[in-house]
Every structure is written in structure tokens, then in C-alpha cells.
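With compact mmCIF, C-alpha atoms and all ligand atoms inside, this is data-v5.txt:
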```
# COMPACT_ATOMS: atom_id res chain seq x y z
CA MET L 14 7.05 23.81 -17.42
CA THR L 15 3.68 25.12 -16.36
CA ASN L 16 4.41 24.76 -12.69
CA GLN L 17 3.39 27.90 -10.85
CA ASN L 18 4.86 26.55 -7.65
CA VAL L 19 8.37 26.07 -8.90
CA ILE L 20 10.23 29.29 -9.47
CA VAL L 21 13.70 29.35 -10.96
CA SER L 22 15.29 31.84 -8.60
CA ASP L 23 18.07 32.93 -10.93
CA ARG L 24 17.56 32.53 -14.66
CA ASN L 25 21.18 33.18 -15.68
CA PRO L 26 22.61 30.04 -14.12
CA ILE L 27 20.44 27.94 -16.47
CA LEU L 28 22.62 29.14 -19.31
CA GLY L 29 25.98 28.77 -17.63
CA SER L 30 26.55 26.97 -14.36
CA LYS L 31 26.35 23.29 -13.44
CA THR L 32 23.54 23.67 -10.93
CA ILE L 33 20.19 25.44 -10.86
CA THR L 34 18.41 26.61 -7.73
CA VAL L 35 14.63 26.65 -7.66
CA SER L 36 12.29 27.77 -4.95
CA VAL L 37 9.07 25.88 -4.31
CA SER L 38 6.21 27.82 -2.80
CA ASN L 39 2.41 28.21 -2.63
CA SER L 40 1.93 24.51 -2.24
CA PRO L 41 0.32 22.84 0.74
CA LEU L 42 3.03 20.22 0.37
CA PHE L 43 5.77 22.67 1.11
CA SER L 44 6.26 24.99 4.02
CA SER L 45 6.22 28.73 3.69
CA PRO L 46 8.58 30.63 3.18
CA PRO L 47 9.61 28.87 -0.02
CA THR L 48 11.97 25.93 0.12
CA TYR L 49 15.07 26.09 -2.10
CA PHE L 50 16.37 23.10 -4.04
CA THR L 51 19.55 22.90 -6.06
CA PHE L 52 19.40 20.62 -9.09
CA PRO L 53 22.29 19.48 -11.31
CA ARG L 54 21.69 21.50 -14.51
CA ARG L 55 21.37 18.43 -16.75
CA LYS L 56 18.83 16.77 -14.42
CA PHE L 57 16.80 19.95 -14.16
CA LEU L 58 16.60 20.29 -17.92
CA GLU L 59 15.55 16.64 -18.16
CA LEU L 60 12.80 17.34 -15.66
CA LEU L 61 11.66 20.44 -17.51
CA GLU L 62 11.56 18.52 -20.75
CA ALA L 63 9.58 15.65 -19.22
CA ALA L 64 7.09 18.02 -17.59
CA ASP L 65 6.71 20.05 -20.79
CA LYS L 66 6.11 16.92 -22.80
CA ASN L 67 3.35 15.90 -20.47
CA ASN L 68 1.83 19.33 -20.08
CA ASN L 69 1.70 19.88 -23.81
CA ASN L 70 -1.42 17.93 -24.67
CA ASN L 71 -1.22 19.12 -28.28
CA ASN L 72 1.95 17.20 -28.84
CA LYS L 73 0.31 14.24 -30.58
CA ASN L 74 3.68 12.88 -31.66
CA ASN L 75 4.66 12.21 -28.10
CA LEU L 76 3.33 8.69 -27.88
CA GLY L 77 4.08 8.37 -24.16
CA ALA L 78 2.26 11.55 -23.15
CA GLY L 79 -1.28 10.14 -23.15
CA LYS L 80 -0.18 7.13 -21.19
CA ILE L 81 1.73 9.22 -18.67
CA ALA L 82 -1.27 11.57 -18.35
CA SER L 83 -3.53 8.66 -17.53
CA TRP L 84 -0.96 7.41 -15.03
CA VAL L 85 -0.96 10.81 -13.38
CA ASP L 86 -4.78 10.66 -13.23
CA SER L 87 -4.62 7.37 -11.40
CA MET L 88 -1.76 8.64 -9.23
CA ARG L 89 -4.20 11.32 -8.09
CA ASP L 90 -6.72 8.68 -6.99
CA SER L 91 -6.04 6.90 -3.81
CA SER L 92 -6.18 3.16 -4.10
CA PRO L 93 -8.30 1.11 -4.64
CA THR L 94 -9.81 3.39 -7.25
CA ARG L 95 -12.17 5.89 -5.72
CA LEU L 96 -15.67 5.81 -7.14
CA ARG L 97 -16.70 9.00 -8.89
CA SER L 98 -20.32 10.03 -9.26
CA SER L 99 -21.23 11.58 -12.60
CA SER L 100 -22.34 14.91 -11.18
CA ARG L 101 -20.11 16.46 -8.59
CA ASP L 102 -22.45 18.05 -6.10
CA SER L 103 -22.68 17.29 -2.41
CA ASP L 104 -26.12 15.64 -2.72
CA SER L 105 -24.88 13.10 -5.22
CA ASP L 106 -21.76 12.58 -3.09
CA ASN L 107 -24.01 11.78 -0.14
CA ASP L 108 -26.20 9.45 -2.23
CA GLU L 109 -23.10 7.69 -3.42
CA LYS L 110 -21.81 7.28 0.14
CA THR L 111 -25.17 5.96 1.33
CA SER L 112 -25.49 3.39 -1.43
CA TRP L 113 -21.84 2.36 -0.94
CA ILE L 114 -22.27 1.78 2.79
CA VAL L 115 -25.37 -0.29 2.05
CA ARG L 116 -23.33 -2.46 -0.30
CA PHE L 117 -20.27 -2.61 2.00
CA PRO L 118 -21.66 -2.20 5.53
CA SER L 119 -19.49 -1.38 8.50
CA ALA L 120 -17.86 -4.53 9.90
CA LEU L 121 -18.57 -3.07 13.35
CA ASN L 122 -22.29 -2.82 12.69
CA MET L 123 -22.28 -6.29 11.15
CA PHE L 124 -20.08 -7.80 13.86
CA ASP L 125 -22.71 -10.19 15.21
CA LYS L 126 -23.61 -11.41 11.73
CA ILE L 127 -19.93 -12.02 10.90
CA MET L 128 -19.40 -13.91 14.16
CA ASN L 129 -22.52 -16.00 13.70
CA ALA L 130 -21.13 -17.17 10.36
CA ALA L 131 -17.86 -18.04 12.13
CA LYS L 132 -19.39 -19.98 15.02
CA GLY L 133 -17.78 -23.40 15.37
CA LYS L 134 -15.26 -22.58 12.65
CA GLN L 135 -11.62 -21.51 12.74
CA ILE L 136 -11.12 -17.82 12.08
CA VAL L 137 -7.77 -16.98 10.44
CA MET L 138 -6.83 -13.30 10.49
CA PHE L 139 -4.95 -11.50 7.70
CA LEU L 140 -3.98 -7.89 8.36
CA ASP L 141 -2.45 -5.37 6.00
CA TYR L 142 -0.03 -2.94 7.67
CA ASP L 143 0.00 0.61 6.22
CA GLY L 144 -3.39 2.30 6.38
CA THR L 145 -4.81 -0.65 8.33
CA LEU L 146 -2.72 -1.17 11.45
CA SER L 147 -0.95 2.18 11.20
CA PRO L 148 -2.35 5.44 9.87
CA ILE L 149 -1.05 6.77 6.56
CA VAL L 150 1.65 9.37 7.27
CA GLU L 151 3.86 11.57 5.09
CA ASP L 152 7.11 9.79 5.95
CA PRO L 153 7.01 6.02 5.28
CA ASP L 154 9.79 5.50 7.82
CA LYS L 155 7.58 6.93 10.54
CA ALA L 156 4.48 4.79 10.02
CA TYR L 157 4.49 3.58 13.62
CA ILE L 158 1.91 1.22 15.07
CA THR L 159 0.47 2.43 18.37
CA HIS L 160 1.11 0.51 21.56
CA GLU L 161 -2.64 -0.14 21.81
CA MET L 162 -2.77 -1.61 18.29
CA ARG L 163 0.29 -3.79 18.93
CA GLU L 164 -1.32 -5.17 22.08
CA VAL L 165 -4.59 -6.00 20.35
CA VAL L 166 -2.80 -7.64 17.39
CA LYS L 167 -0.87 -9.74 19.91
CA ASP L 168 -4.13 -10.75 21.61
CA VAL L 169 -5.63 -11.63 18.23
CA ALA L 170 -2.56 -13.75 17.41
CA LEU L 171 -2.85 -15.59 20.72
CA ASN L 172 -6.43 -16.50 19.83
CA PHE L 173 -6.36 -17.05 16.06
CA PRO L 174 -3.67 -17.86 13.48
CA THR L 175 -2.72 -14.35 12.35
CA ALA L 176 -0.66 -12.96 9.46
CA ILE L 177 0.44 -9.47 8.54
CA VAL L 178 0.42 -9.17 4.75
CA THR L 179 2.27 -6.10 3.51
CA GLY L 180 4.07 -4.47 0.60
CA ARG L 181 6.95 -3.67 2.94
CA SER L 182 9.98 -5.85 3.51
CA ILE L 183 9.55 -8.24 6.42
CA ASP L 184 12.50 -6.65 8.24
CA LYS L 185 10.88 -3.24 8.14
CA VAL L 186 7.40 -4.32 9.14
CA ARG L 187 8.80 -6.56 11.89
CA ALA L 188 10.75 -3.58 13.23
CA PHE L 189 7.45 -1.67 13.48
CA VAL L 190 5.24 -4.49 14.77
CA LYS L 191 7.74 -6.25 17.05
CA LEU L 192 5.62 -9.38 17.49
CA ASN L 193 6.94 -12.93 17.16
CA GLU L 194 3.62 -14.71 17.46
CA ILE L 195 2.46 -14.01 13.92
CA TYR L 196 3.09 -14.92 10.29
CA TYR L 197 4.57 -12.20 8.11
CA ALA L 198 4.01 -12.03 4.37
CA GLY L 199 6.23 -9.16 3.20
CA SER L 200 6.97 -7.74 -0.27
CA HIS L 201 3.31 -8.15 -1.29
CA GLY L 202 3.36 -11.80 -0.21
CA MET L 203 6.65 -12.71 -1.94
CA ASP L 204 8.40 -13.32 1.39
CA ILE L 205 6.57 -15.48 3.89
CA GLU L 206 7.79 -16.29 7.40
CA GLY L 207 6.19 -18.21 10.22
CA PRO L 208 6.07 -17.24 13.89
CA THR L 209 9.52 -17.24 15.45
CA ASN L 210 8.42 -17.91 19.00
CA GLU L 211 6.17 -20.63 20.15
CA ASN L 212 2.56 -19.50 19.93
CA SER L 213 -0.57 -20.98 21.42
CA TYR L 214 -0.70 -23.51 18.55
CA GLY L 215 2.70 -24.87 19.56
CA GLU L 216 4.31 -23.57 16.36
CA SER L 217 7.82 -22.26 16.77
CA ASN L 218 10.89 -21.08 14.88
CA GLN L 219 9.43 -21.63 11.46
CA GLY L 220 11.43 -18.83 9.82
CA VAL L 221 11.23 -18.52 6.04
CA LEU L 222 8.37 -20.50 4.54
CA PHE L 223 8.29 -19.30 0.94
CA GLN L 224 10.14 -16.85 -1.32
CA PRO L 225 8.90 -17.23 -4.90
CA ALA L 226 10.91 -14.29 -6.26
CA ARG L 227 14.30 -14.98 -4.73
CA GLU L 228 16.23 -14.56 -7.99
CA PHE L 229 14.90 -11.01 -8.32
CA VAL L 230 16.69 -9.65 -5.26
CA PRO L 231 19.89 -8.52 -7.10
CA MET L 232 17.75 -6.94 -9.85
CA ILE L 233 15.64 -5.04 -7.32
CA GLU L 234 18.81 -3.80 -5.59
CA LYS L 235 20.15 -2.54 -8.92
CA VAL L 236 16.90 -0.78 -9.82
CA VAL L 237 16.73 0.81 -6.36
CA LYS L 238 20.17 2.33 -6.93
CA ILE L 239 19.30 3.57 -10.44
CA LEU L 240 16.05 5.09 -9.23
CA GLU L 241 17.66 6.72 -6.22
CA GLU L 242 20.07 8.40 -8.60
CA LYS L 243 17.35 9.36 -11.11
CA THR L 244 14.97 10.76 -8.52
CA LYS L 245 17.39 12.46 -6.16
CA CYS L 246 16.70 15.82 -7.75
CA ILE L 247 12.92 15.45 -7.45
CA PRO L 248 12.04 17.15 -4.17
CA GLY L 249 10.13 14.81 -1.87
CA ALA L 250 10.60 11.65 -3.95
CA MET L 251 11.75 8.64 -2.00
CA VAL L 252 12.75 5.14 -3.06
CA GLU L 253 12.13 2.31 -0.60
CA ASN L 254 13.77 -1.08 -1.00
CA ASN L 255 11.21 -3.72 -0.06
CA LYS L 256 13.60 -6.59 -0.86
CA PHE L 257 11.56 -8.45 -3.52
CA CYS L 258 9.93 -5.27 -4.81
CA LEU L 259 10.40 -1.53 -4.38
CA SER L 260 8.38 1.60 -3.85
CA VAL L 261 8.81 5.07 -5.28
CA HIS L 262 6.93 7.42 -2.99
CA PHE L 263 5.40 10.63 -4.32
CA ARG L 264 3.21 11.71 -1.37
CA ARG L 265 5.62 14.58 -0.70
CA VAL L 266 6.28 15.43 -4.36
CA ASP L 267 4.54 18.47 -5.82
CA GLU L 268 1.70 17.20 -8.02
CA LYS L 269 3.00 19.30 -10.90
CA ILE L 270 6.03 17.06 -11.23
CA TRP L 271 4.32 13.68 -10.79
CA ALA L 272 4.35 13.21 -14.54
CA ALA L 273 8.09 13.80 -14.67
CA LEU L 274 8.58 11.31 -11.85
CA ALA L 275 6.37 8.68 -13.51
CA GLU L 276 8.30 9.13 -16.72
CA GLN L 277 11.65 8.69 -14.97
CA VAL L 278 10.40 5.50 -13.33
CA LYS L 279 8.92 4.12 -16.53
CA SER L 280 12.09 4.89 -18.48
CA VAL L 281 14.10 2.70 -16.09
CA LEU L 282 11.69 -0.19 -16.53
CA VAL L 283 12.30 -0.29 -20.28
CA ASP L 284 15.54 -2.17 -19.49
CA TYR L 285 13.82 -4.53 -17.06
CA PRO L 286 10.98 -6.34 -18.84
CA LYS L 287 10.74 -8.84 -15.99
CA LEU L 288 9.58 -6.10 -13.67
CA LYS L 289 6.17 -4.43 -13.69
CA LEU L 290 4.85 -1.14 -12.39
CA THR L 291 1.75 -0.90 -10.21
CA GLN L 292 0.30 1.77 -7.95
CA GLY L 293 -0.58 2.03 -4.31
CA ARG L 294 -1.44 4.99 -2.12
CA LYS L 295 0.73 7.82 -3.46
CA VAL L 296 3.33 5.26 -4.36
CA LEU L 297 4.59 3.65 -7.57
CA GLU L 298 5.49 0.04 -6.93
CA ILE L 299 7.85 -2.06 -8.99
CA ARG L 300 7.70 -5.80 -8.68
CA PRO L 301 8.54 -9.00 -10.52
CA THR L 302 6.10 -10.05 -13.24
CA ILE L 303 5.61 -13.42 -11.52
CA LYS L 304 2.04 -14.49 -10.81
CA TRP L 305 2.15 -13.93 -7.10
CA ASP L 306 0.29 -11.41 -5.01
CA LYS L 307 -1.36 -10.98 -1.62
CA GLY L 308 -4.20 -13.29 -2.73
CA GLN L 309 -1.75 -16.09 -3.54
CA ALA L 310 -0.03 -15.47 -0.20
CA LEU L 311 -3.36 -15.83 1.59
CA ASN L 312 -3.95 -19.19 -0.15
CA PHE L 313 -0.40 -20.30 0.64
CA LEU L 314 -0.86 -19.51 4.32
CA LEU L 315 -4.22 -21.26 4.52
CA ARG L 316 -2.58 -24.29 2.88
CA SER L 317 0.35 -24.18 5.33
CA LEU L 318 -2.08 -24.03 8.22
CA GLY L 319 -3.84 -27.13 6.90
CA PHE L 320 -7.03 -25.36 5.86
CA GLU L 321 -6.76 -25.71 2.07
CA HIS L 322 -9.86 -27.84 1.61
CA SER L 323 -11.48 -27.13 4.94
CA GLU L 324 -15.09 -26.02 5.08
CA ASN L 325 -14.51 -25.04 8.66
CA VAL L 326 -12.28 -22.06 8.19
CA VAL L 327 -13.25 -18.40 8.03
CA PRO L 328 -10.42 -16.24 6.70
CA VAL L 329 -10.86 -12.55 7.49
CA TYR L 330 -8.67 -10.13 5.53
CA ILE L 331 -8.53 -6.44 6.49
CA GLY L 332 -6.77 -4.02 4.14
CA ASP L 333 -6.97 -0.57 2.60
CA ASP L 334 -4.93 -0.78 -0.56
CA ARG L 335 -5.33 -1.72 -4.20
CA THR L 336 -2.97 -4.67 -3.61
CA ASP L 337 -5.32 -5.98 -0.90
CA GLU L 338 -7.98 -6.35 -3.57
CA ASP L 339 -6.15 -9.49 -4.80
CA ALA L 340 -6.83 -11.09 -1.42
CA PHE L 341 -10.44 -9.83 -1.28
CA LYS L 342 -10.97 -11.34 -4.73
CA VAL L 343 -9.61 -14.73 -3.64
CA LEU L 344 -12.02 -14.78 -0.70
CA ARG L 345 -14.93 -13.74 -2.88
CA GLU L 346 -14.12 -16.45 -5.43
CA LYS L 347 -13.73 -19.08 -2.70
CA GLY L 348 -17.05 -17.96 -1.23
CA GLN L 349 -15.29 -18.25 2.11
CA GLY L 350 -14.55 -15.67 4.78
CA PHE L 351 -14.75 -11.91 4.49
CA GLY L 352 -12.75 -9.07 3.04
CA ILE L 353 -12.94 -5.80 4.96
CA LEU L 354 -11.87 -2.63 3.18
CA VAL L 355 -10.51 0.21 5.30
CA SER L 356 -11.70 3.41 3.68
CA LYS L 357 -13.53 6.59 4.54
CA VAL L 358 -14.63 7.12 0.95
CA PRO L 359 -16.50 4.90 -1.52
CA LYS L 360 -14.13 2.76 -3.57
CA GLU L 361 -14.44 -0.06 -6.05
CA THR L 362 -13.77 -3.18 -4.03
CA ASN L 363 -14.09 -6.93 -3.79
CA ALA L 364 -14.40 -6.72 -0.03
CA SER L 365 -17.69 -7.48 1.73
CA TYR L 366 -17.53 -4.99 4.57
CA SER L 367 -15.83 -1.73 5.43
CA LEU L 368 -14.14 0.04 8.32
CA GLN L 369 -13.24 3.70 8.18
CA ASP L 370 -9.73 3.86 9.58
CA PRO L 371 -7.15 2.11 11.81
CA SER L 372 -8.99 3.18 14.97
CA GLN L 373 -12.05 1.25 13.78
CA VAL L 374 -9.77 -1.68 12.89
CA ASN L 375 -8.55 -1.54 16.48
CA GLU L 376 -12.13 -1.61 17.77
CA PHE L 377 -13.03 -4.52 15.50
CA LEU L 378 -9.99 -6.54 16.65
CA LYS L 379 -10.79 -5.84 20.30
CA ARG L 380 -14.35 -7.08 19.83
CA LEU L 381 -13.02 -10.16 18.09
CA VAL L 382 -10.78 -11.02 21.06
CA ASP L 383 -13.63 -10.38 23.52
CA TRP L 384 -15.95 -12.56 21.43
CA LYS L 385 -13.40 -15.39 21.45
CA ARG L 386 -12.89 -15.16 25.21
CA LYS L 387 -16.63 -15.20 25.73
CA THR L 388 -17.25 -18.19 23.45
CA VAL L 389 -14.41 -20.17 25.08
CA GLY L 390 -16.00 -19.34 28.45
CA GLU L 391 -19.34 -20.68 27.17
CA GLU L 392 -17.90 -24.00 25.95
O1 LIG L 401 0.71 -3.42 1.93
P1 LIG L 401 0.92 -2.25 2.84
O2 LIG L 401 1.33 -2.65 4.22
O3 LIG L 401 -0.29 -1.35 2.86
O4 LIG L 401 2.14 -1.46 2.19
C1 LIG L 401 1.93 -0.68 1.03
C2 LIG L 401 2.94 0.42 1.00
O5 LIG L 401 2.87 1.02 2.30
C3 LIG L 401 3.81 2.04 2.61
O6 LIG L 401 3.46 3.22 1.90
C4 LIG L 401 2.21 3.75 2.28
O7 LIG L 401 2.27 4.18 3.65
C5 LIG L 401 3.19 5.24 3.92
C6 LIG L 401 3.20 5.51 5.42
O8 LIG L 401 1.92 5.81 5.89
C7 LIG L 401 2.80 6.48 3.11
O9 LIG L 401 3.71 7.54 3.34
C8 LIG L 401 2.79 6.10 1.61
O10 LIG L 401 2.34 7.20 0.86
C9 LIG L 401 1.86 4.90 1.38
O11 LIG L 401 1.93 4.47 0.04
C10 LIG L 401 5.21 1.59 2.31
O12 LIG L 401 6.11 2.64 2.55
C11 LIG L 401 5.34 1.03 0.90
O13 LIG L 401 6.64 0.56 0.67
C12 LIG L 401 4.35 -0.11 0.76
O14 LIG L 401 4.44 -0.67 -0.53
```
Before we go any further, please render this structure as C-alpha cells.
Amino acid sequence: MTNQNVIVSDRNPILGSKTITVSVSNSPLFSSPPTYFTFPRRKFLELLEAADKNNNNNNKNNLGAGKIASWVDSMRDSSPTRLRSSSRDSDSDNDEKTSWIVRFPSALNMFDKIMNAAKGKQIVMFLDYDGTLSPIVEDPDKAYITHEMREVVKDVALNFPTAIVTGRSIDKVRAFVKLNEIYYAGSHGMDIEGPTNENSYGESNQGVLFQPAREFVPMIEKVVKILEEKTKCIPGAMVENNKFCLSVHFRRVDEKIWAALAEQVKSVLVDYPKLKLTQGRKVLEIRPTIKWDKGQALNFLLRSLGFEHSENVVPVYIGDDRTDEDAFKVLREKGQGFGILVSKVPKETNASYSLQDPSQVNEFLKRLVDWKRKTVGEE
């Protein structure tokens, strides 16, 4: 293992005892002084072997190594894939940023243009959760939405049909958002629920609207358990059950053992051909191979709202993640509405506009509510 950050504190136990203690240091991911982890001996040797396999690029017989290496490369990128200029100096970085912002202008700067296109039409709002309504944080269980953001989302929902479309389970995102006035599309759109209280459109208690992957729930539960077991000795790794899909988080895992983690995850999937592996922001996501994603969820919701063939609807989807690209693509193909990518750095995207971070999302939503109040006042 070529990991300079992981130090086996006592070499003798590797030969004899059932557990091995390692200290992890010199990494920005871990606090100083070093943190100590005790691994079951067998698991530790498995990890060493997996990391060695990946680190040894000369091992041409290891058919999985190249694939895992390219996975680790994309694990390093945030999602959607960050654009890379050919020469890596700050001038070309700046050029790249400038040309990107010309192609995907700030939705705040283009606010009037967006609203002019929406005049007389019904805006429908679709909002991703992590990285859009709440900032990305180390601990997925602490990705809280601010009071200010909750209030503005509520105002948006009182003025426009509004959905939160997320990779999380509905229960989890609902516990964060705590709003009844909106639609929730959890598990990357595989779990769709309507508003549970009456909203300004008179809709109430709709509950579950669509669950296209219901038969996968027991399988996901099983895989969650297997992966929890397999990853429990990887410091920082965390498995999150998102009901119809699951996430394996590696934000807090030392980069040197990402390959080992990816290999563990992939090895489990060999027994589950009906599940597929995708990537989000420092997260490996496992989901059913069914043809359903956030884009399909957007179409489903527009249909449910009676806007399937309407020329008078302007869907606006705001998201930061690779999975949001499916929704941006649907909008682009429909030639209807706008995708807004939340990103500080240039990324490949099907969105039309950009916002830098959740605070700009907040500003955009506030302006949207003000615009609506003003136009109603003018009518
Ligand atoms: O569709 P989203 O609402 O964007 O959900 C995608 C994943 O979001 C969460 O993970 C991400 O946010 C975490 C908290 O900021 C962060 O720690 C993690 O690294 C990110 O990947 C969520 O925990 C996942 O289950 C979702 O799939």
C-alpha cells in the first residue's frame, strides 16, 4: 500500500493477532495528532490487497485495475464533470471561466430575461436539495437547510407548484425541509409524493403518487447491510439508505483508499445485476437499472399537474449534481423552461444558466417571489 498517511503502528500484530491498529495522519481529512483505527486483520489485509492492486499500474493482468483507476479519477471530480483546460495555468483557468459564464450566464443577471419569457405562463419550480437548498457539508446527516431558505421555499410553493427532487429518501429530506406545501421526488425521482396539506391550488393529502421501483426495496435493504459490513473498517466511509437507492459516501475517506472502497462496492454489485453504480458529489450511488431518473420525475410531475402538452408552462429546475443533468436534458430537449446549474466552477452541463451556491439560489428564489407579488399586483 503506497499510502503515506496510513501508518501501521505495530507491525508484529499483522503476523499474529486478530486486529491491526493503524494511525492516520498528515491528511487534511483527519485531525492532528493522528487518529487510530483498529481493523479486523482479515479486512485490513483485504484492503491492503485492493489498494496494492490499484496502485500497481504495471499489473496488466489485473483486468479491474484500469477500470477502478478511471473510477477513482472521476471520484476526484465533483459532479457534473468539471471542465479541464488543456494547459493548467491561471490565465487559461480565467479564460475558461469567462467563456463558461458567457455560455451559462448567472440566473441573477439574466433574471429579467427569464421572467420576460415566463410572462403570462405558469412557472413550475423544481429544486434539488443537497448543494442547492443546503450547502455541501462533511456529514450527510447534518446537511441542514437554513431557516431563511425554508421560508423562501415556502413562499415559492405558495406562489408556484414546487417540487424538491433529491437523491435522498423522502423521509430524510422531509425531516430537513419540514414543508407540507410541496411535492417531493425522493430517491432520484423513484418516490414521488404530493403536498400533504392543502396548498394555494386546493390540493391536499395526495400522499404517494408514484413508486416505479417498489420491488427493489428489499434488495436495497440487503445491499445496505452488506455494504455497511464491508465498509465498516474503512475510516470515514458511510452507507446511507435512500429507500429505493443507496449512497456510499467517501467525502471523509482518505483519497488513498478510494480505490479500495470502489472495489469493495463494485464487488458487491457483481451479485446484483439489476442494480447499477453511478456517482455524485463524493458519493457512489447504487440504484435500480430501471429507466427512471430526475428527468422522468420532472415529466411525471408536469403530467400530474396537467401541463404535459401545455405551451403555457415554464419549468425551472435548479440543481448542482450530475443526476440533475437528466432533468436539465429533458428541459433542453423539450425546448421549454430553464435548467440552472449551481456551481462555482465550470462544468459540462445541459443547464442554460448558473448560480454559484445556495446563497445565490436563495436570492434567486426571493426575487422570484417578489416578481410574482408584483405581477399579481399589476393585474
Ligand atoms: O439529489 P441531491 O439532493 O443533491 O442528493 C444527492 C446526494 O446528496 C447527499 O450527499 C451529498 O451531500 C452531503 C451533505 O452535504 C455530502 O456530505 C455528500 O458528500 C454529497 O454527496 C446525500 O447524503 C446522498 O444520499 C444523496 O444521494
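Between atom CA of L:Leu259 and atom CA of L:Ile233 the separation is 7.0 Å.
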Kindly work out which residues sit at most 9 Å from ligand LIG 401 (chain L), using all atoms listed in the file, and give the list as a PyMOL selection string.
-> chain L and resi 140-157+177-182+186+199-201+252-255+258-265+292-298+307+332-337
Keeping only C-alpha atoms, write those residues as a JSON list (two decimals), in the coordinates of the input.
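Output (selection.json):
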```json
[["chain", "number", "residue", "atom", "x", "y", "z"],
["L", 140, "LEU", "CA", -3.98, -7.89, 8.36],
["L", 141, "ASP", "CA", -2.45, -5.37, 6.00],
["L", 142, "TYR", "CA", -0.03, -2.94, 7.67],
["L", 143, "ASP", "CA", 0.00, 0.61, 6.22],
["L", 144, "GLY", "CA", -3.39, 2.30, 6.38],
["L", 145, "THR", "CA", -4.81, -0.65, 8.33],
["L", 146, "LEU", "CA", -2.72, -1.17, 11.45],
["L", 147, "SER", "CA", -0.95, 2.18, 11.20],
["L", 148, "PRO", "CA", -2.35, 5.44, 9.87],
["L", 149, "ILE", "CA", -1.05, 6.77, 6.56],
["L", 150, "VAL", "CA", 1.65, 9.37, 7.27],
["L", 151, "GLU", "CA", 3.86, 11.57, 5.09],
["L", 152, "ASP", "CA", 7.11, 9.79, 5.95],
["L", 153, "PRO", "CA", 7.01, 6.02, 5.28],
["L", 154, "ASP", "CA", 9.79, 5.50, 7.82],
["L", 155, "LYS", "CA", 7.58, 6.93, 10.54],
["L", 156, "ALA", "CA", 4.48, 4.79, 10.02],
["L", 157, "TYR", "CA", 4.49, 3.58, 13.62],
["L", 177, "ILE", "CA", 0.44, -9.47, 8.54],
["L", 178, "VAL", "CA", 0.42, -9.17, 4.75],
["L", 179, "THR", "CA", 2.27, -6.10, 3.51],
["L", 180, "GLY", "CA", 4.07, -4.47, 0.60],
["L", 181, "ARG", "CA", 6.95, -3.67, 2.94],
["L", 182, "SER", "CA", 9.98, -5.85, 3.51],
["L", 186, "VAL", "CA", 7.40, -4.32, 9.14],
["L", 199, "GLY", "CA", 6.23, -9.16, 3.20],
["L", 200, "SER", "CA", 6.97, -7.74, -0.27],
["L", 201, "HIS", "CA", 3.31, -8.15, -1.29],
["L", 252, "VAL", "CA", 12.75, 5.14, -3.06],
["L", 253, "GLU", "CA", 12.13, 2.31, -0.60],
["L", 254, "ASN", "CA", 13.77, -1.08, -1.00],
["L", 255, "ASN", "CA", 11.21, -3.72, -0.06],
["L", 258, "CYS", "CA", 9.93, -5.27, -4.81],
["L", 259, "LEU", "CA", 10.40, -1.53, -4.38],
["L", 260, "SER", "CA", 8.38, 1.60, -3.85],
["L", 261, "VAL", "CA", 8.81, 5.07, -5.28],
["L", 262, "HIS", "CA", 6.93, 7.42, -2.99],
["L", 263, "PHE", "CA", 5.40, 10.63, -4.32],
["L", 264, "ARG", "CA", 3.21, 11.71, -1.37],
["L", 265, "ARG", "CA", 5.62, 14.58, -0.70],
["L", 292, "GLN", "CA", 0.30, 1.77, -7.95],
["L", 293, "GLY", "CA", -0.58, 2.03, -4.31],
["L", 294, "ARG", "CA", -1.44, 4.99, -2.12],
["L", 295, "LYS", "CA", 0.73, 7.82, -3.46],
["L", 296, "VAL", "CA", 3.33, 5.26, -4.36],
["L", 297, "LEU", "CA", 4.59, 3.65, -7.57],
["L", 298, "GLU", "CA", 5.49, 0.04, -6.93],
["L", 307, "LYS", "CA", -1.36, -10.98, -1.62],
["L", 332, "GLY", "CA", -6.77, -4.02, 4.14],
["L", 333, "ASP", "CA", -6.97, -0.57, 2.60],
["L", 334, "ASP", "CA", -4.93, -0.78, -0.56],
["L", 335, "ARG", "CA", -5.33, -1.72, -4.20],
["L", 336, "THR", "CA", -2.97, -4.67, -3.61],
["L", 337, "ASP", "CA", -5.32, -5.98, -0.90]]
```
For stretch 263-266 of chain L, what centre and edge lengths in Å (one decimal) does the axis-aligned box get once 8 Å is added on each side of all its listed atoms, as AutoDock Vina command-line options?
```
--center_x 4.7 --center_y 13.0 --center_z -2.5 --size_x 19.1 --size_y 20.8 --size_z 19.7
```
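Between atom CA of L:Tyr197 and atom CA of L:Ile183 the separation is 6.6 Å.
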Leaving out L:Tyr196 and any residue of its chain fewer than 2 positions from it, which residues lie within 8 Å of it when counting all atoms listed in the file, given as an NGL selection string?
-> :L and (175-177 or 194 or 198 or 205-208)
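When atom CA of L:Leu318 is paired with atom CA of L:Val355, their separation reads 25.8 Å.
Using only C-alpha atoms, the residues found no farther than 12 Å from L:Pro286, other than those of its own chain fewer than 2 positions away, are Met232, Lys279, Ser280, Val281, Leu282, Val283, Asp284, Leu288, Lys289, Leu290, Ile299, Arg300, Pro301, Thr302 and Ile303 of chain L.
Considering the residues L:Ala131, L:Val137, L:Asn122, L:Lys80 and counting all atoms listed in the file, L:Ser317 has its shortest atom-to-atom contact with L:Val137.
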Looking at L:Ala310, L:Ala188, L:Leu274, L:Ile127, which one is nearest to L:Phe223, with distances taken over only C-alpha atoms?
-> L:Ala310
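Among the candidates L:Gln349, L:Asn312, L:Gln224, L:Asn129, the one nearest to L:Asn325 when counting only C-alpha atoms is L:Gln349.
The shortest atom-to-atom distance to L:Asp106, with all atoms listed in the file taken into account, belongs to L:Pro359 out of L:Gly390, L:Pro225, L:Pro359, L:Pro328.
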Do a neighbour search on L:Ile136 at 10 Å with all atoms listed in the file, toss out local chain neighbours closer than 3 positions, and write the hits as a ChimeraX atom specification.
-> /L:128,131-133,139,172-175,325-329,350,381,385
Between L:Asp383, L:Glu376, L:Glu321, L:Glu391, smallest distance to L:Met162 by only C-alpha atoms belongs to L:Glu376
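Compared by their closest atoms to L:Phe313, and using all atoms listed in the file, the residues L:Ala170, L:Met203, L:Lys342, L:Arg187 rank with L:Met203 nearest.
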